[in-house]
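K.L.:
Got a structure for you, start-v3.pdb, holding PDB, C-alpha atoms.
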ATOM      1  CA  MET A 687     282.886 -55.702  70.769  1.00  0.00           C
ATOM      2  CA  GLN A 688     279.420 -56.986  69.922  1.00  0.00           C
ATOM      3  CA  LYS A 689     279.141 -59.873  67.457  1.00  0.00           C
ATOM      4  CA  ASP A 690     277.509 -57.684  64.782  1.00  0.00           C
ATOM      5  CA  ASP A 691     280.253 -55.065  65.164  1.00  0.00           C
ATOM      6  CA  LEU A 692     282.929 -57.755  64.985  1.00  0.00           C
ATOM      7  CA  GLU A 693     281.472 -59.176  61.773  1.00  0.00           C
ATOM      8  CA  ARG A 694     281.201 -55.679  60.281  1.00  0.00           C
ATOM      9  CA  TYR A 695     284.803 -54.908  61.165  1.00  0.00           C
ATOM     10  CA  ASP A 696     285.937 -58.272  59.799  1.00  0.00           C
ATOM     11  CA  ILE A 697     284.244 -57.612  56.452  1.00  0.00           C
ATOM     12  CA  LEU A 698     285.855 -54.183  56.211  1.00  0.00           C
ATOM     13  CA  GLU A 699     289.270 -55.645  56.947  1.00  0.00           C
ATOM     14  CA  GLU A 700     288.799 -57.890  53.923  1.00  0.00           C
ATOM     15  CA  ASN A 701     288.366 -54.936  51.554  1.00  0.00           C
ATOM     16  CA  LEU A 702     290.211 -51.680  50.990  1.00  0.00           C
ATOM     17  CA  ILE A 703     290.601 -50.654  54.607  1.00  0.00           C
ATOM     18  CA  SER A 704     293.005 -53.579  55.056  1.00  0.00           C
ATOM     19  CA  LEU A 705     295.489 -51.830  52.746  1.00  0.00           C
ATOM     20  CA  GLY A 706     295.871 -49.118  55.366  1.00  0.00           C
ATOM     21  CA  THR A 707     296.319 -51.670  58.142  1.00  0.00           C
ATOM     22  CA  LYS A 708     298.984 -53.486  56.138  1.00  0.00           C
ATOM     23  CA  TYR A 709     300.840 -50.262  55.436  1.00  0.00           C
ATOM     24  CA  LYS A 710     300.909 -49.356  59.131  1.00  0.00           C
ATOM     25  CA  TYR A 711     302.207 -52.778  60.126  1.00  0.00           C
ATOM     26  CA  GLU A 712     304.793 -52.826  57.335  1.00  0.00           C
ATOM     27  CA  PHE A 713     306.004 -49.442  58.604  1.00  0.00           C
ATOM     28  CA  ALA A 714     306.251 -50.862  62.126  1.00  0.00           C
ATOM     29  CA  LYS A 715     308.064 -53.948  60.838  1.00  0.00           C
ATOM     30  CA  LYS A 716     310.840 -51.713  59.485  1.00  0.00           C
ATOM     31  CA  HIS A 717     311.317 -49.869  62.761  1.00  0.00           C
ATOM     32  CA  LEU A 718     310.506 -52.321  65.565  1.00  0.00           C
ATOM     33  CA  LYS A 719     313.091 -55.010  66.269  1.00  0.00           C
ATOM     34  CA  GLY A 720     313.517 -57.664  68.931  1.00  0.00           C
ATOM     35  CA  ARG A 721     310.581 -58.719  71.097  1.00  0.00           C
ATOM     36  CA  VAL A 722     307.443 -56.786  70.151  1.00  0.00           C
ATOM     37  CA  ILE A 723     304.081 -56.449  71.866  1.00  0.00           C
ATOM     38  CA  ASP A 724     301.002 -55.479  69.846  1.00  0.00           C
ATOM     39  CA  ILE A 725     298.555 -53.784  72.224  1.00  0.00           C
ATOM     40  CA  GLY A 726     294.942 -53.967  71.074  1.00  0.00           C
ATOM     41  CA  SER A 727     295.882 -56.267  68.220  1.00  0.00           C
ATOM     42  CA  GLY A 728     292.292 -56.868  67.116  1.00  0.00           C
ATOM     43  CA  LEU A 729     291.977 -59.244  64.166  1.00  0.00           C
ATOM     44  CA  VAL A 730     295.514 -58.712  62.869  1.00  0.00           C
ATOM     45  CA  ASN A 731     297.907 -61.658  62.674  1.00  0.00           C
ATOM     46  CA  THR A 732     300.829 -59.882  64.316  1.00  0.00           C
ATOM     47  CA  GLY A 733     303.012 -62.866  63.493  1.00  0.00           C
ATOM     48  CA  ASP A 734     302.946 -61.831  59.832  1.00  0.00           C
ATOM     49  CA  TYR A 735     305.035 -58.782  60.702  1.00  0.00           C
ATOM     50  CA  PHE A 736     307.163 -59.571  63.756  1.00  0.00           C
ATOM     51  CA  LYS A 737     309.158 -62.550  64.971  1.00  0.00           C
ATOM     52  CA  ASN A 738     307.554 -64.262  67.982  1.00  0.00           C
ATOM     53  CA  PRO A 739     305.427 -61.266  69.012  1.00  0.00           C
ATOM     54  CA  VAL A 740     302.967 -61.017  71.879  1.00  0.00           C
ATOM     55  CA  ALA A 741     299.463 -59.852  70.959  1.00  0.00           C
ATOM     56  CA  LEU A 742     297.354 -58.267  73.707  1.00  0.00           C
ATOM     57  CA  GLU A 743     293.580 -58.021  73.334  1.00  0.00           C
ATOM     58  CA  ASN A 744     290.713 -57.587  75.800  1.00  0.00           C
ATOM     59  CA  ASP A 745     287.702 -58.404  73.632  1.00  0.00           C
ATOM     60  CA  LYS A 746     286.669 -62.003  74.279  1.00  0.00           C
ATOM     61  CA  GLU A 747     284.858 -62.599  70.970  1.00  0.00           C
ATOM     62  CA  CYS A 748     287.761 -61.117  69.070  1.00  0.00           C
ATOM     63  CA  ILE A 749     290.185 -63.339  71.002  1.00  0.00           C
ATOM     64  CA  GLU A 750     288.181 -66.464  70.181  1.00  0.00           C
ATOM     65  CA  LEU A 751     288.204 -65.636  66.483  1.00  0.00           C
ATOM     66  CA  VAL A 752     291.942 -64.874  66.395  1.00  0.00           C
ATOM     67  CA  LYS A 753     292.791 -68.083  68.273  1.00  0.00           C
ATOM     68  CA  LYS A 754     290.924 -70.114  65.639  1.00  0.00           C
ATOM     69  CA  ARG A 755     292.550 -68.305  62.739  1.00  0.00           C
ATOM     70  CA  TYR A 756     296.099 -68.029  64.057  1.00  0.00           C
ATOM     71  CA  PRO A 757     296.708 -70.828  66.571  1.00  0.00           C
ATOM     72  CA  GLY A 758     300.454 -70.212  66.601  1.00  0.00           C
ATOM     73  CA  LEU A 759     300.158 -66.587  67.714  1.00  0.00           C
ATOM     74  CA  GLU A 760     300.951 -65.817  71.366  1.00  0.00           C
ATOM     75  CA  LEU A 761     297.740 -64.068  72.339  1.00  0.00           C
ATOM     76  CA  VAL A 762     297.260 -62.671  75.836  1.00  0.00           C
ATOM     77  CA  GLU A 763     293.942 -61.475  77.216  1.00  0.00           C
ATOM     78  CA  GLY A 764     294.585 -58.293  79.118  1.00  0.00           C
ATOM     79  CA  ASP A 765     293.948 -54.610  79.735  1.00  0.00           C
ATOM     80  CA  ALA A 766     296.073 -51.978  77.972  1.00  0.00           C
ATOM     81  CA  MET A 767     295.916 -49.911  81.157  1.00  0.00           C
ATOM     82  CA  LYS A 768     297.198 -52.786  83.303  1.00  0.00           C
ATOM     83  CA  LEU A 769     299.792 -54.529  81.174  1.00  0.00           C
ATOM     84  CA  PRO A 770     300.394 -57.999  82.680  1.00  0.00           C
ATOM     85  CA  PHE A 771     304.149 -58.042  82.053  1.00  0.00           C
ATOM     86  CA  PRO A 772     307.309 -57.308  84.083  1.00  0.00           C
ATOM     87  CA  ASP A 773     309.289 -54.112  83.588  1.00  0.00           C
ATOM     88  CA  TYR A 774     311.565 -53.969  80.523  1.00  0.00           C
ATOM     89  CA  SER A 775     309.898 -56.969  78.846  1.00  0.00           C
ATOM     90  CA  PHE A 776     309.881 -55.675  75.261  1.00  0.00           C
ATOM     91  CA  ASP A 777     312.059 -53.975  72.675  1.00  0.00           C
ATOM     92  CA  GLY A 778     309.143 -52.584  70.701  1.00  0.00           C
ATOM     93  CA  CYS A 779     305.431 -51.884  70.891  1.00  0.00           C
ATOM     94  CA  MET A 780     302.711 -51.537  68.256  1.00  0.00           C
ATOM     95  CA  LEU A 781     299.787 -49.351  69.329  1.00  0.00           C
ATOM     96  CA  SER A 782     297.487 -49.173  66.321  1.00  0.00           C
ATOM     97  CA  GLU A 783     294.089 -47.471  66.561  1.00  0.00           C
ATOM     98  CA  VAL A 784     294.026 -47.684  70.352  1.00  0.00           C
ATOM     99  CA  ILE A 785     294.967 -44.321  71.834  1.00  0.00           C
ATOM    100  CA  GLU A 786     291.771 -42.632  70.576  1.00  0.00           C
ATOM    101  CA  HIS A 787     289.711 -45.063  72.672  1.00  0.00           C
ATOM    102  CA  MET A 788     291.514 -44.274  75.942  1.00  0.00           C
ATOM    103  CA  GLU A 789     290.548 -41.653  78.496  1.00  0.00           C
ATOM    104  CA  ASP A 790     293.820 -41.820  80.458  1.00  0.00           C
ATOM    105  CA  VAL A 791     296.461 -41.422  77.748  1.00  0.00           C
ATOM    106  CA  THR A 792     299.142 -40.505  80.290  1.00  0.00           C
ATOM    107  CA  GLY A 793     298.507 -43.769  82.143  1.00  0.00           C
ATOM    108  CA  LEU A 794     298.536 -45.718  78.890  1.00  0.00           C
ATOM    109  CA  LEU A 795     301.894 -44.306  77.811  1.00  0.00           C
ATOM    110  CA  ALA A 796     303.359 -44.772  81.295  1.00  0.00           C
ATOM    111  CA  GLY A 797     302.446 -48.466  81.178  1.00  0.00           C
ATOM    112  CA  ILE A 798     304.007 -48.873  77.749  1.00  0.00           C
ATOM    113  CA  ARG A 799     307.153 -47.094  78.892  1.00  0.00           C
ATOM    114  CA  ARG A 800     307.362 -49.420  81.891  1.00  0.00           C
ATOM    115  CA  VAL A 801     307.365 -52.614  79.827  1.00  0.00           C
ATOM    116  CA  LEU A 802     309.743 -51.236  77.189  1.00  0.00           C
ATOM    117  CA  LYS A 803     313.494 -51.565  77.573  1.00  0.00           C
ATOM    118  CA  PRO A 804     315.549 -48.336  77.609  1.00  0.00           C
ATOM    119  CA  GLY A 805     315.651 -47.060  74.039  1.00  0.00           C
ATOM    120  CA  GLY A 806     312.669 -49.212  73.118  1.00  0.00           C
ATOM    121  CA  ARG A 807     310.431 -47.974  70.356  1.00  0.00           C
ATOM    122  CA  VAL A 808     306.692 -47.687  69.874  1.00  0.00           C
ATOM    123  CA  VAL A 809     304.668 -47.073  66.715  1.00  0.00           C
ATOM    124  CA  ILE A 810     301.414 -45.239  67.370  1.00  0.00           C
ATOM    125  CA  THR A 811     298.722 -44.956  64.709  1.00  0.00           C
ATOM    126  CA  THR A 812     295.471 -43.076  65.142  1.00  0.00           C
ATOM    127  CA  PRO A 813     292.895 -41.083  63.151  1.00  0.00           C
ATOM    128  CA  ASN A 814     293.599 -37.402  62.544  1.00  0.00           C
ATOM    129  CA  ARG A 815     290.879 -35.307  64.203  1.00  0.00           C
ATOM    130  CA  LEU A 816     291.346 -32.564  61.620  1.00  0.00           C
ATOM    131  CA  ILE A 817     290.303 -34.877  58.791  1.00  0.00           C
ATOM    132  CA  THR A 818     287.644 -36.748  60.764  1.00  0.00           C
ATOM    133  CA  ASP A 819     285.911 -33.449  61.539  1.00  0.00           C
ATOM    134  CA  ILE A 820     285.887 -32.546  57.834  1.00  0.00           C
ATOM    135  CA  PHE A 821     284.456 -35.952  56.868  1.00  0.00           C
ATOM    136  CA  VAL A 822     281.743 -35.603  59.505  1.00  0.00           C
ATOM    137  CA  LYS A 823     280.785 -32.115  58.302  1.00  0.00           C
ATOM    138  CA  LEU A 824     280.613 -33.371  54.729  1.00  0.00           C
ATOM    139  CA  LYS A 825     278.447 -36.257  55.987  1.00  0.00           C
ATOM    140  CA  VAL A 826     280.612 -38.863  54.271  1.00  0.00           C
ATOM    141  CA  ILE A 827     281.086 -40.712  57.560  1.00  0.00           C
ATOM    142  CA  ASN A 828     278.828 -41.318  60.514  1.00  0.00           C
ATOM    143  CA  PRO A 829     280.636 -40.289  63.736  1.00  0.00           C
ATOM    144  CA  LYS A 830     278.642 -42.879  65.692  1.00  0.00           C
ATOM    145  CA  GLY A 831     279.931 -45.618  63.411  1.00  0.00           C
ATOM    146  CA  GLU A 832     283.621 -44.835  63.705  1.00  0.00           C
ATOM    147  CA  GLY A 833     284.428 -47.050  66.672  1.00  0.00           C
ATOM    148  CA  PHE A 834     283.201 -45.004  69.647  1.00  0.00           C
ATOM    149  CA  HIS A 835     286.369 -42.945  69.987  1.00  0.00           C
ATOM    150  CA  PHE A 836     286.846 -41.197  73.327  1.00  0.00           C
ATOM    151  CA  LYS A 837     289.065 -38.503  71.832  1.00  0.00           C
ATOM    152  CA  GLU A 838     290.909 -37.908  68.571  1.00  0.00           C
ATOM    153  CA  TYR A 839     293.915 -35.635  68.077  1.00  0.00           C
ATOM    154  CA  THR A 840     295.660 -33.547  65.462  1.00  0.00           C
ATOM    155  CA  MET A 841     299.276 -34.364  64.652  1.00  0.00           C
ATOM    156  CA  LYS A 842     300.507 -31.375  66.648  1.00  0.00           C
ATOM    157  CA  GLU A 843     298.369 -32.236  69.687  1.00  0.00           C
ATOM    158  CA  LEU A 844     299.414 -35.868  69.848  1.00  0.00           C
ATOM    159  CA  GLY A 845     303.064 -35.009  69.268  1.00  0.00           C
ATOM    160  CA  LYS A 846     303.038 -32.780  72.341  1.00  0.00           C
ATOM    161  CA  ILE A 847     301.349 -35.465  74.452  1.00  0.00           C
ATOM    162  CA  ILE A 848     303.896 -38.093  73.410  1.00  0.00           C
ATOM    163  CA  GLU A 849     306.869 -35.812  74.106  1.00  0.00           C
ATOM    164  CA  SER A 850     305.481 -34.814  77.513  1.00  0.00           C
ATOM    165  CA  ASN A 851     305.279 -38.483  78.556  1.00  0.00           C
ATOM    166  CA  ASN A 852     308.970 -39.377  78.306  1.00  0.00           C
ATOM    167  CA  PHE A 853     309.004 -40.450  74.667  1.00  0.00           C
ATOM    168  CA  LYS A 854     310.894 -38.828  71.815  1.00  0.00           C
ATOM    169  CA  VAL A 855     309.123 -38.554  68.462  1.00  0.00           C
ATOM    170  CA  LEU A 856     311.549 -39.849  65.826  1.00  0.00           C
ATOM    171  CA  LYS A 857     309.269 -39.677  62.808  1.00  0.00           C
ATOM    172  CA  LYS A 858     305.776 -38.522  61.853  1.00  0.00           C
ATOM    173  CA  THR A 859     304.012 -39.713  58.734  1.00  0.00           C
ATOM    174  CA  GLY A 860     300.551 -40.790  57.689  1.00  0.00           C
ATOM    175  CA  ILE A 861     298.202 -42.065  55.025  1.00  0.00           C
ATOM    176  CA  MET A 862     294.909 -40.901  53.587  1.00  0.00           C
ATOM    177  CA  GLN A 863     292.689 -43.891  54.157  1.00  0.00           C
ATOM    178  CA  LEU A 864     289.103 -44.543  53.150  1.00  0.00           C
ATOM    179  CA  ARG A 865     287.239 -44.432  56.447  1.00  0.00           C
ATOM    180  CA  TYR A 866     284.948 -47.276  57.475  1.00  0.00           C
ATOM    181  CA  SER A 867     281.753 -45.898  55.970  1.00  0.00           C
ATOM    182  CA  LEU A 868     283.462 -44.974  52.693  1.00  0.00           C
ATOM    183  CA  ALA A 869     285.201 -48.339  52.422  1.00  0.00           C
ATOM    184  CA  THR A 870     281.838 -50.057  52.019  1.00  0.00           C
ATOM    185  CA  VAL A 871     280.984 -48.151  48.818  1.00  0.00           C
ATOM    186  CA  PRO A 872     281.315 -50.651  45.913  1.00  0.00           C
ATOM    187  CA  ALA A 873     282.592 -48.013  43.480  1.00  0.00           C
ATOM    188  CA  LEU A 874     285.538 -47.290  45.787  1.00  0.00           C
ATOM    189  CA  ARG A 875     286.654 -50.919  46.101  1.00  0.00           C
ATOM    190  CA  ASN A 876     289.568 -50.415  43.775  1.00  0.00           C
ATOM    191  CA  ASP A 877     293.250 -50.857  44.588  1.00  0.00           C
ATOM    192  CA  PHE A 878     294.320 -47.863  42.481  1.00  0.00           C
ATOM    193  CA  ILE A 879     291.895 -45.518  44.264  1.00  0.00           C
ATOM    194  CA  ALA A 880     292.885 -46.789  47.694  1.00  0.00           C
ATOM    195  CA  LYS A 881     296.634 -46.536  47.011  1.00  0.00           C
ATOM    196  CA  THR A 882     296.216 -43.056  45.563  1.00  0.00           C
ATOM    197  CA  PHE A 883     294.402 -41.949  48.722  1.00  0.00           C
ATOM    198  CA  MET A 884     297.174 -43.467  50.878  1.00  0.00           C
ATOM    199  CA  TYR A 885     299.909 -41.660  48.944  1.00  0.00           C
ATOM    200  CA  LEU A 886     298.202 -38.281  49.361  1.00  0.00           C
ATOM    201  CA  GLY A 887     298.479 -38.664  53.126  1.00  0.00           C
ATOM    202  CA  ARG A 888     302.206 -39.354  52.913  1.00  0.00           C
ATOM    203  CA  ILE A 889     302.814 -36.137  50.952  1.00  0.00           C
ATOM    204  CA  VAL A 890     301.435 -33.942  53.751  1.00  0.00           C
ATOM    205  CA  PRO A 891     301.364 -36.023  56.977  1.00  0.00           C
ATOM    206  CA  ALA A 892     299.611 -33.304  58.991  1.00  0.00           C
ATOM    207  CA  LEU A 893     296.658 -33.629  56.590  1.00  0.00           C
ATOM    208  CA  SER A 894     296.571 -37.435  56.553  1.00  0.00           C
ATOM    209  CA  SER A 895     293.447 -39.209  57.770  1.00  0.00           C
ATOM    210  CA  ASP A 896     295.539 -41.718  59.740  1.00  0.00           C
ATOM    211  CA  MET A 897     298.643 -40.508  61.557  1.00  0.00           C
ATOM    212  CA  ILE A 898     301.690 -42.668  62.216  1.00  0.00           C
ATOM    213  CA  PHE A 899     304.229 -41.809  64.924  1.00  0.00           C
ATOM    214  CA  LEU A 900     307.549 -43.557  65.533  1.00  0.00           C
ATOM    215  CA  CYS A 901     308.670 -42.883  69.098  1.00  0.00           C
ATOM    216  CA  GLU A 902     311.542 -43.852  71.367  1.00  0.00           C
ATOM    217  CA  ARG A 903     311.487 -44.424  75.119  1.00  0.00           C
ATOM    218  CA  ARG A 904     313.541 -41.876  77.021  1.00  0.00           C
TER
END
Output the file's structure as C-alpha cells, nothing else.
P.N.:
Amino acid sequence: MQKDDLERYDILEENLISLGTKYKYEFAKKHLKGRVIDIGSGLVNTGDYFKNPVALENDKECIELVKKRYPGLELVEGDAMKLPFPDYSFDGCMLSEVIEHMEDVTGLLAGIRRVLKPGGRVVITTPNRLITDIFVKLKVINPKGEGFHFKEYTMKELGKIIESNNFKVLKKTGIMQLRYSLATVPALRNDFIAKTFMYLGRIVPALSSDMIFLCERR
C-alpha cells in the first residue's frame, strides 16, 4: 500500500466506515474462540477483540504503523497464500476484506483450512458485488478507488465457493455500509445515518453492501 493510500485509508477508518469494521469484528468476537489468526489485519488492533491473537499482514508500511500504535500485538509479516504456521495452529480465523483481492481463492481457503484445527471456524467479510455494481452505475463510488479488488462476489456465489472448499457455512449476514467514497461526504458523517444503513443490510443479508459469513472447517 502506497503512503498516500495508507493515509487515506487511515482517515476513513477514523470516521463512519470504522463503524462497519467494528461491527464485523464484534460479530467475529462472538463466534471465534481460542487462538485466533487475523489474516490481512490492516490497521485494526486485533487485540481489542480476541485474546492473544496473531495478526498477519504483508504491507510493510502498514506493519510499521501498527507496531507503533499497538506494540503488544503479535504481528507477523507474511503472505496469506503461504501462511507461515504449522498445521492445526489455530481455533479461529478472521478474514476481513481480503478474499476479493485474491486470484486463487481455492488456494487461500486451503491454506486457512490447513492451519485451522478440526472444527475450527472462520469469519469471512467481503463487499457484495450486487451492491457494488449498483453504486458504480449510479456513480456514487469510483471503482478504481475501492481497493483494487481482483473479484467481488454475490452472497450466493461466495457461499458455493466456501462450501466447495471443505467449509460449512453456519451463518450468513451483512451490513449496509457507506462505501469509501461516500464515507468522505461531510453530510453523511453522522452516527444515526451510518447505523441506519448498517441495520438495513442485516434485514436482507443478500442485499447488504458488506457480506459476513461464519464458516466451520470440515
K.L.:
Between segment 766-785 of chain A and segment 713-725 of chain A, at 10 Å or less, what are the per-residue closest atom pairs and their distances in Å? Count all atoms listed in the file, order by chain and rising residue number, and return it as CSV.
P.N.:
residue,atom,partner,partner_atom,distance
A:Ala766,CA,A:Ile725,CA,6.5
A:Leu769,CA,A:Ile725,CA,9.1
A:Ser775,CA,A:Arg721,CA,8.0
A:Phe776,CA,A:Arg721,CA,5.2
A:Asp777,CA,A:Arg721,CA,5.2
A:Gly778,CA,A:Val722,CA,4.6
A:Cys779,CA,A:Ile723,CA,4.9
A:Met780,CA,A:Asp724,CA,4.6
A:Leu781,CA,A:Ile725,CA,5.4
A:Ser782,CA,A:Ile725,CA,7.6
A:Glu783,CA,A:Ile725,CA,9.6
A:Val784,CA,A:Ile725,CA,7.8
K.L.:
With the file shown as input, list the residues that the PyMOL selection byres ((chain A and resi 771) around 12) selects, as a ChimeraX atom specification.
P.N.:
/A:723,740,742,762-770,772-776,797-802
K.L.:
Taking the file as shown, what set of residues would the PyMOL selection byres ((chain A and resi 745) around 12) give back, as a list in words?
P.N.:
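Going through the file, the PyMOL selection byres ((chain A and resi 745) around 12) ends up selecting Met687, Gln688, Lys689, Asp691, Leu692, Ile725, Gly726, Ser727, Gly728, Leu729, Leu742, Glu743, Asn744, Lys746, Glu747, Cys748, Ile749, Glu750, Leu751, Val752, Leu761, Val762, Glu763, Gly764, Asp765 and Ala766 of chain A.
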K.L.:
Just give me the residues with any atom within 12 Å of (311.1, -40.5, 74.6), file coordinates, counting only C-alpha atoms, written as an MDAnalysis selection string.
P.N.:
chainID A and resid 795:796 798:799 802:808 845:857 899:904
K.L.:
In Å to one decimal, how far is atom CA of Ser895 of chain A from atom CA of Asn814 of chain A?
P.N.:
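Atom CA of Ser895 of chain A lies 5.1 Å from atom CA of Asn814 of chain A.
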K.L.:
Atom CA of Lys881 of chain A and atom CA of Leu705 of chain A, how far apart in Å?
P.N.:
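According to the coordinates, atom CA of Leu705 of chain A and atom CA of Lys881 of chain A are separated by 7.9 Å.
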K.L.:
Taking 4 positions as the minimum chain separation for residues in the same chain, which residues sit within 7 Å of segment 787-790 of chain A when counting all atoms listed in the file? Answer as a list in words.
P.N.:
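In the requested form, the answer reads Leu794, His835, Phe836 and Lys837 of chain A.
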K.L.:
Provide the atom CA of Arg815 of chain A to atom CA of Glu712 of chain A distance in Å, to one decimal place.
P.N.:
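Computing it gives 23.4 Å between the two atoms.
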K.L.:
Find the residue from A:Glu843, A:Phe736, A:Gly706, A:Asn731 that sits nearest to Leu759 of chain A; use all atoms listed in the file when measuring.
P.N.:
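Result for the nearest residue to Leu759 of chain A: A:Asn731.
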K.L.:
Calculated over all atoms listed in the file, which of the candidates A:Gly793, A:Ile810, A:Leu816, A:Ile785 has the smallest distance to Tyr711 of chain A?
P.N.:
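Using all atoms listed in the file, the shortest distance to Tyr711 of chain A belongs to A:Ile810.
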K.L.:
Using only C-alpha atoms, find all polymer residues with an atom at most 12 Å away from the point (303.7, -70.6, 71.6); report them as a list in words.
P.N.:
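Final list of nearby residues, as requested, is Gly733, Lys737, Asn738, Pro739, Val740, Ala741, Lys753, Tyr756, Pro757, Gly758, Leu759, Glu760, Leu761 and Val762 of chain A.
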K.L.:
Using only C-alpha atoms, which residue out of A:Asp819, A:Pro813, A:Val730, A:Tyr839 lies closest to Gly887 of chain A?
P.N.:
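Among the listed residues, the smallest separation from Gly887 of chain A belongs to A:Pro813.
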K.L.:
With distances taken over only C-alpha atoms, which residue among A:Leu844, A:Met897, A:Ala892, A:Ile817 lies nearest Thr707 of chain A?
P.N.:
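The shortest atom-to-atom distance to Thr707 of chain A comes from A:Met897.
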